[in-house]
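Visitor: File entry_19.cif below, mmCIF, C-alpha atoms:
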data_target
#
loop_
_atom_site.group_PDB
_atom_site.id
_atom_site.type_symbol
_atom_site.label_atom_id
_atom_site.label_comp_id
_atom_site.auth_asym_id
_atom_site.auth_seq_id
_atom_site.Cartn_x
_atom_site.Cartn_y
_atom_site.Cartn_z
ATOM 1 C CA MET A 1 -177.609 228.062 33.410
ATOM 2 C CA SER A 2 -175.852 225.230 31.570
ATOM 3 C CA ASP A 3 -177.014 226.600 28.176
ATOM 4 C CA ILE A 4 -175.330 229.957 28.824
ATOM 5 C CA LYS A 5 -172.174 228.233 30.060
ATOM 6 C CA ALA A 6 -172.053 226.154 26.883
ATOM 7 C CA TRP A 7 -172.555 229.311 24.792
ATOM 8 C CA ILE A 8 -169.794 231.155 26.687
ATOM 9 C CA GLN A 9 -167.454 228.162 26.316
ATOM 10 C CA ASN A 10 -168.122 228.103 22.572
ATOM 11 C CA GLU A 11 -167.405 231.850 22.240
ATOM 12 C CA VAL A 12 -164.171 231.535 24.208
ATOM 13 C CA ASP A 13 -163.110 228.447 22.230
ATOM 14 C CA THR A 14 -163.911 229.753 18.746
ATOM 15 C CA ASN A 15 -162.620 233.352 18.999
ATOM 16 C CA ASP A 16 -158.995 234.296 19.662
ATOM 17 C CA VAL A 17 -159.876 237.357 21.775
ATOM 18 C CA VAL A 18 -163.222 237.830 23.524
ATOM 19 C CA LEU A 19 -164.268 240.686 25.781
ATOM 20 C CA PHE A 20 -167.359 240.356 27.938
ATOM 21 C CA MET A 21 -168.236 243.949 28.759
ATOM 22 C CA LYS A 22 -170.907 246.461 29.670
ATOM 23 C CA GLY A 23 -171.939 248.003 26.373
ATOM 24 C CA THR A 24 -170.317 247.393 23.007
ATOM 25 C CA PRO A 25 -166.838 248.128 21.645
ATOM 26 C CA SER A 26 -168.271 251.122 19.783
ATOM 27 C CA PHE A 27 -170.310 252.285 22.787
ATOM 28 C CA PRO A 28 -168.933 251.087 26.158
ATOM 29 C CA GLN A 29 -171.372 251.718 28.991
ATOM 30 C CA CYS A 30 -168.961 251.764 31.921
ATOM 31 C CA GLY A 31 -165.547 253.266 32.461
ATOM 32 C CA PHE A 32 -163.807 249.963 33.102
ATOM 33 C CA SER A 33 -165.148 248.400 29.909
ATOM 34 C CA GLY A 34 -164.193 251.586 28.073
ATOM 35 C CA GLN A 35 -160.600 251.387 29.323
ATOM 36 C CA VAL A 36 -160.194 247.796 28.122
ATOM 37 C CA VAL A 37 -161.692 248.699 24.724
ATOM 38 C CA GLN A 38 -159.243 251.615 24.424
ATOM 39 C CA ILE A 39 -156.306 249.339 25.265
ATOM 40 C CA LEU A 40 -157.353 246.619 22.804
ATOM 41 C CA ASP A 41 -157.990 249.199 20.080
ATOM 42 C CA TYR A 42 -154.631 250.875 20.755
ATOM 43 C CA VAL A 43 -152.792 247.558 20.559
ATOM 44 C CA GLY A 44 -154.727 246.878 17.368
ATOM 45 C CA VAL A 45 -155.967 243.400 18.125
ATOM 46 C CA LYS A 46 -159.156 242.033 16.581
ATOM 47 C CA TYR A 47 -161.641 240.956 19.226
ATOM 48 C CA VAL A 48 -165.268 240.039 19.776
ATOM 49 C CA GLY A 49 -167.192 242.102 22.316
ATOM 50 C CA HIS A 50 -170.320 240.829 24.091
ATOM 51 C CA ASN A 51 -172.642 243.201 25.938
ATOM 52 C CA VAL A 52 -173.624 241.604 29.244
ATOM 53 C CA LEU A 53 -176.221 244.348 29.837
ATOM 54 C CA GLU A 54 -178.424 242.856 27.102
ATOM 55 C CA ASP A 55 -178.838 239.507 28.860
ATOM 56 C CA ASP A 56 -179.032 238.805 32.604
ATOM 57 C CA ALA A 57 -178.214 235.142 31.988
ATOM 58 C CA LEU A 58 -174.968 236.179 30.279
ATOM 59 C CA ARG A 59 -174.184 238.807 32.932
ATOM 60 C CA ASN A 60 -174.492 236.264 35.743
ATOM 61 C CA GLY A 61 -173.234 233.321 33.699
ATOM 62 C CA ILE A 62 -169.888 234.906 32.811
ATOM 63 C CA LYS A 63 -169.179 235.657 36.480
ATOM 64 C CA GLU A 64 -169.879 232.046 37.381
ATOM 65 C CA PHE A 65 -168.002 230.707 34.332
ATOM 66 C CA SER A 66 -164.793 232.533 35.242
ATOM 67 C CA ASP A 67 -165.309 232.590 39.004
ATOM 68 C CA TRP A 68 -164.541 236.315 38.710
ATOM 69 C CA PRO A 69 -167.012 238.813 40.225
ATOM 70 C CA THR A 70 -166.555 241.827 37.955
ATOM 71 C CA ILE A 71 -166.989 242.853 34.336
ATOM 72 C CA PRO A 72 -165.251 243.398 31.928
ATOM 73 C CA GLN A 73 -163.563 240.047 31.440
ATOM 74 C CA LEU A 74 -160.983 239.353 28.745
ATOM 75 C CA TYR A 75 -160.272 235.916 27.275
ATOM 76 C CA VAL A 76 -157.373 235.173 24.941
ATOM 77 C CA LYS A 77 -157.126 231.833 23.120
ATOM 78 C CA GLY A 78 -159.586 230.257 25.554
ATOM 79 C CA GLU A 79 -157.774 231.509 28.652
ATOM 80 C CA PHE A 80 -159.186 233.996 31.147
ATOM 81 C CA VAL A 81 -156.801 236.948 31.374
ATOM 82 C CA GLY A 82 -158.632 239.184 33.841
ATOM 83 C CA GLY A 83 -160.529 242.414 34.242
ATOM 84 C CA CYS A 84 -159.734 246.061 33.737
ATOM 85 C CA ASP A 85 -156.986 246.415 36.367
ATOM 86 C CA ILE A 86 -155.107 243.334 35.181
ATOM 87 C CA VAL A 87 -155.407 244.268 31.495
ATOM 88 C CA ARG A 88 -154.257 247.831 32.251
ATOM 89 C CA GLU A 89 -151.234 246.597 34.252
ATOM 90 C CA MET A 90 -150.323 244.115 31.514
ATOM 91 C CA PHE A 91 -150.605 246.875 28.903
ATOM 92 C CA GLN A 92 -148.421 249.276 30.894
ATOM 93 C CA SER A 93 -145.730 246.643 31.448
ATOM 94 C CA GLN A 94 -145.949 245.523 27.791
ATOM 95 C CA GLU A 95 -146.956 242.014 28.920
ATOM 96 C CA LEU A 96 -150.240 242.261 27.003
ATOM 97 C CA LYS A 97 -148.558 242.776 23.617
ATOM 98 C CA ALA A 98 -146.035 240.042 24.451
ATOM 99 C CA MET A 99 -148.875 237.646 25.319
ATOM 100 C CA PHE A 100 -150.616 238.347 21.997
ATOM 101 C CA ASN A 101 -147.332 237.763 20.165
ATOM 102 C CA GLU A 102 -146.658 234.504 22.050
ATOM 103 C CA LYS A 103 -150.122 233.220 21.212
ATOM 104 C CA GLY A 104 -149.769 234.157 17.541
ATOM 105 C CA ILE A 105 -152.398 236.908 17.611
ATOM 106 C CA GLU A 106 -151.762 239.733 15.197
ATOM 107 C CA THR A 107 -151.620 243.312 16.447
ATOM 108 C CA THR A 108 -151.070 246.557 14.584
ATOM 109 C CA GLN A 109 -149.040 248.278 17.314
ATOM 110 C CA GLU A 110 -145.299 248.351 16.809
ATOM 111 C CA ALA A 111 -143.173 246.886 19.604
#
Have the structure of the file written as structure tokens, please.

Guide:
Amino acid sequence: MSDIKAWIQNEVDTNDVVLFMKGTPSFPQCGFSGQVVQILDYVGVKYVGHNVLEDDALRNGIKEFSDWPTIPQLYVKGEFVGGCDIVREMFQSQELKAMFNEKGIETTQEA
């Protein structure tokens, strides 16, 4: 399990925005992952998506890594943000866009 944790840590450290999800950004395979993809695409942020359905070690490893039981999981600048409900609430309150701005991450959505 330490290999997968090291891989996850590297992904989170080397990419500004990482989404661990069921499916891919172009083909989400669960509604919750799909909602987060829609939000990130709407905001216009560049992100890396990893399909946890392709690898049981990743699927279990990400839950242990974050100590969060559900997927999707969003990381921004190495920090765990949360899952679908948290991302949706942050989007609706405009906190998500503000967080990207504060962390110097470019978005295409106007304020």

Visitor: Starting from the shown file, work through the PyMOL selection byres ((chain A and resi 80-88) around 12) and note down what comes out as a PyMOL selection string.

Guide: chain A and resi 8-9+12-13+16-22+30-40+42-43+62-63+65-79+89-97+99-100

Visitor: Quick one: pull the distance between CA of Ala98 in chain A and CA of Pro25 in chain A, Å, one decimal.

Guide: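 Value for the CA of Ala98 in chain A-CA of Pro25 in chain A distance: 22.5 Å.
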
Visitor: Around all the atoms of range 84-102 of chain A listed in the file, draw an axis-aligned box and extend it by 5 Å on each of the six sides; I want its centre and edge lengths in Å to one decimal, as JSON.

Guide:
{"center_x": -152.7, "center_y": 241.9, "center_z": 28.3, "size_x": 24.0, "size_y": 24.8, "size_z": 26.2}

Visitor: Expressed in Å to a single decimal, how great is the separation between CA of Thr108 in chain A and CA of Lys46 in chain A?

Guide: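 Going from CA of Thr108 in chain A over to CA of Lys46 in chain A, I get 9.5 Å.
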
Visitor: Just the number, please: distance in Å from CA of Asn101 in chain A to CA of Val52 in chain A, one decimal.

Guide: 28.1 Å

Visitor: With distances taken over all atoms listed in the file, which residue among A:Ser26, A:Asn10, A:Ser2, A:Asn60 lies nearest Asp41 in chain A?

Guide: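 Selected residue with least distance to Asp41 in chain A: A:Ser26.
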
Visitor: Counting all atoms listed in the file, which residue out of A:Tyr47, A:Ile4, A:Lys103, A:Phe27 sits closest to Arg59 in chain A?

Guide: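 Closest to Arg59 in chain A of all the choices is A:Ile4.
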
Visitor: For a quick check of understanding, using all atoms listed in the file, which of A:Glu64, A:Glu11, A:Glu102, A:Asp3 has the smallest distance to His50 in chain A?

Guide: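 Among A:Glu64, A:Glu11, A:Glu102, A:Asp3, it is A:Glu11 that comes nearest to His50 in chain A.
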
Visitor: With distances taken over all atoms listed in the file, which residue among A:Ala6, A:Leu58, A:Leu53, A:Val45 lies nearest Thr107 in chain A?

Guide: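 Smallest separation from Thr107 in chain A among the options: A:Val45.
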
Visitor: Go through A:Gly49, A:Gln109, A:Gly61, A:Glu54 and flag the residue nearest Thr24 in chain A, using only C-alpha atoms for the distances.

Guide: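 Distance minimum relative to Thr24 in chain A lands on A:Gly49.
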
Visitor: With all atoms listed in the file as the atoms that count, which of A:Pro28, A:Asn15, A:Gly44, A:Gly23 lies nearest to Glu106 in chain A?

Guide: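 Closest residue, counting all atoms listed in the file: A:Gly44.
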
Visitor: Reconstruct N, CA and C atoms of range 37-55 of chain A; output as a PDB file, in the frame of the given file.

Guide:
ATOM      1  N   VAL A  37    -161.480 248.468  26.157  1.00  0.00           N
ATOM      2  CA  VAL A  37    -161.692 248.699  24.724  1.00  0.00           C
ATOM      3  C   VAL A  37    -160.597 249.611  24.171  1.00  0.00           C
ATOM      4  N   GLN A  38    -160.294 250.693  24.875  1.00  0.00           N
ATOM      5  CA  GLN A  38    -159.243 251.615  24.424  1.00  0.00           C
ATOM      6  C   GLN A  38    -157.894 250.899  24.304  1.00  0.00           C
ATOM      7  N   ILE A  39    -157.576 250.070  25.277  1.00  0.00           N
ATOM      8  CA  ILE A  39    -156.306 249.339  25.265  1.00  0.00           C
ATOM      9  C   ILE A  39    -156.261 248.369  24.081  1.00  0.00           C
ATOM     10  N   LEU A  40    -157.330 247.585  23.902  1.00  0.00           N
ATOM     11  CA  LEU A  40    -157.353 246.619  22.804  1.00  0.00           C
ATOM     12  C   LEU A  40    -157.305 247.327  21.451  1.00  0.00           C
ATOM     13  N   ASP A  41    -158.015 248.440  21.331  1.00  0.00           N
ATOM     14  CA  ASP A  41    -157.990 249.199  20.080  1.00  0.00           C
ATOM     15  C   ASP A  41    -156.605 249.798  19.839  1.00  0.00           C
ATOM     16  N   TYR A  42    -155.971 250.290  20.888  1.00  0.00           N
ATOM     17  CA  TYR A  42    -154.631 250.875  20.755  1.00  0.00           C
ATOM     18  C   TYR A  42    -153.618 249.824  20.309  1.00  0.00           C
ATOM     19  N   VAL A  43    -153.701 248.651  20.921  1.00  0.00           N
ATOM     20  CA  VAL A  43    -152.792 247.558  20.559  1.00  0.00           C
ATOM     21  C   VAL A  43    -153.092 247.078  19.137  1.00  0.00           C
ATOM     22  N   GLY A  44    -154.351 247.238  18.733  1.00  0.00           N
ATOM     23  CA  GLY A  44    -154.727 246.878  17.368  1.00  0.00           C
ATOM     24  C   GLY A  44    -155.036 245.415  17.184  1.00  0.00           C
ATOM     25  N   VAL A  45    -155.618 244.812  18.211  1.00  0.00           N
ATOM     26  CA  VAL A  45    -155.967 243.400  18.125  1.00  0.00           C
ATOM     27  C   VAL A  45    -157.447 243.289  17.737  1.00  0.00           C
ATOM     28  N   LYS A  46    -157.755 242.285  16.924  1.00  0.00           N
ATOM     29  CA  LYS A  46    -159.156 242.033  16.581  1.00  0.00           C
ATOM     30  C   LYS A  46    -159.768 241.235  17.719  1.00  0.00           C
ATOM     31  N   TYR A  47    -160.979 241.646  18.129  1.00  0.00           N
ATOM     32  CA  TYR A  47    -161.641 240.956  19.226  1.00  0.00           C
ATOM     33  C   TYR A  47    -163.146 240.994  19.042  1.00  0.00           C
ATOM     34  N   VAL A  48    -163.814 240.102  19.749  1.00  0.00           N
ATOM     35  CA  VAL A  48    -165.268 240.039  19.776  1.00  0.00           C
ATOM     36  C   VAL A  48    -165.715 240.603  21.114  1.00  0.00           C
ATOM     37  N   GLY A  49    -166.650 241.535  21.085  1.00  0.00           N
ATOM     38  CA  GLY A  49    -167.192 242.102  22.316  1.00  0.00           C
ATOM     39  C   GLY A  49    -168.627 241.652  22.530  1.00  0.00           C
ATOM     40  N   HIS A  50    -168.949 241.239  23.752  1.00  0.00           N
ATOM     41  CA  HIS A  50    -170.320 240.829  24.091  1.00  0.00           C
ATOM     42  C   HIS A  50    -170.840 241.721  25.214  1.00  0.00           C
ATOM     43  N   ASN A  51    -172.004 242.294  24.988  1.00  0.00           N
ATOM     44  CA  ASN A  51    -172.642 243.201  25.938  1.00  0.00           C
ATOM     45  C   ASN A  51    -173.436 242.408  26.968  1.00  0.00           C
ATOM     46  N   VAL A  52    -172.938 242.359  28.198  1.00  0.00           N
ATOM     47  CA  VAL A  52    -173.624 241.604  29.244  1.00  0.00           C
ATOM     48  C   VAL A  52    -174.888 242.323  29.734  1.00  0.00           C
ATOM     49  N   LEU A  53    -175.037 243.600  29.403  1.00  0.00           N
ATOM     50  CA  LEU A  53    -176.221 244.348  29.837  1.00  0.00           C
ATOM     51  C   LEU A  53    -177.472 243.938  29.060  1.00  0.00           C
ATOM     52  N   GLU A  54    -177.289 243.281  27.921  1.00  0.00           N
ATOM     53  CA  GLU A  54    -178.424 242.856  27.102  1.00  0.00           C
ATOM     54  C   GLU A  54    -179.056 241.567  27.592  1.00  0.00           C
ATOM     55  N   ASP A  55    -178.371 240.845  28.481  1.00  0.00           N
ATOM     56  CA  ASP A  55    -178.838 239.507  28.860  1.00  0.00           C
ATOM     57  C   ASP A  55    -178.387 239.182  30.287  1.00  0.00           C
TER      58      ASP A  55
END
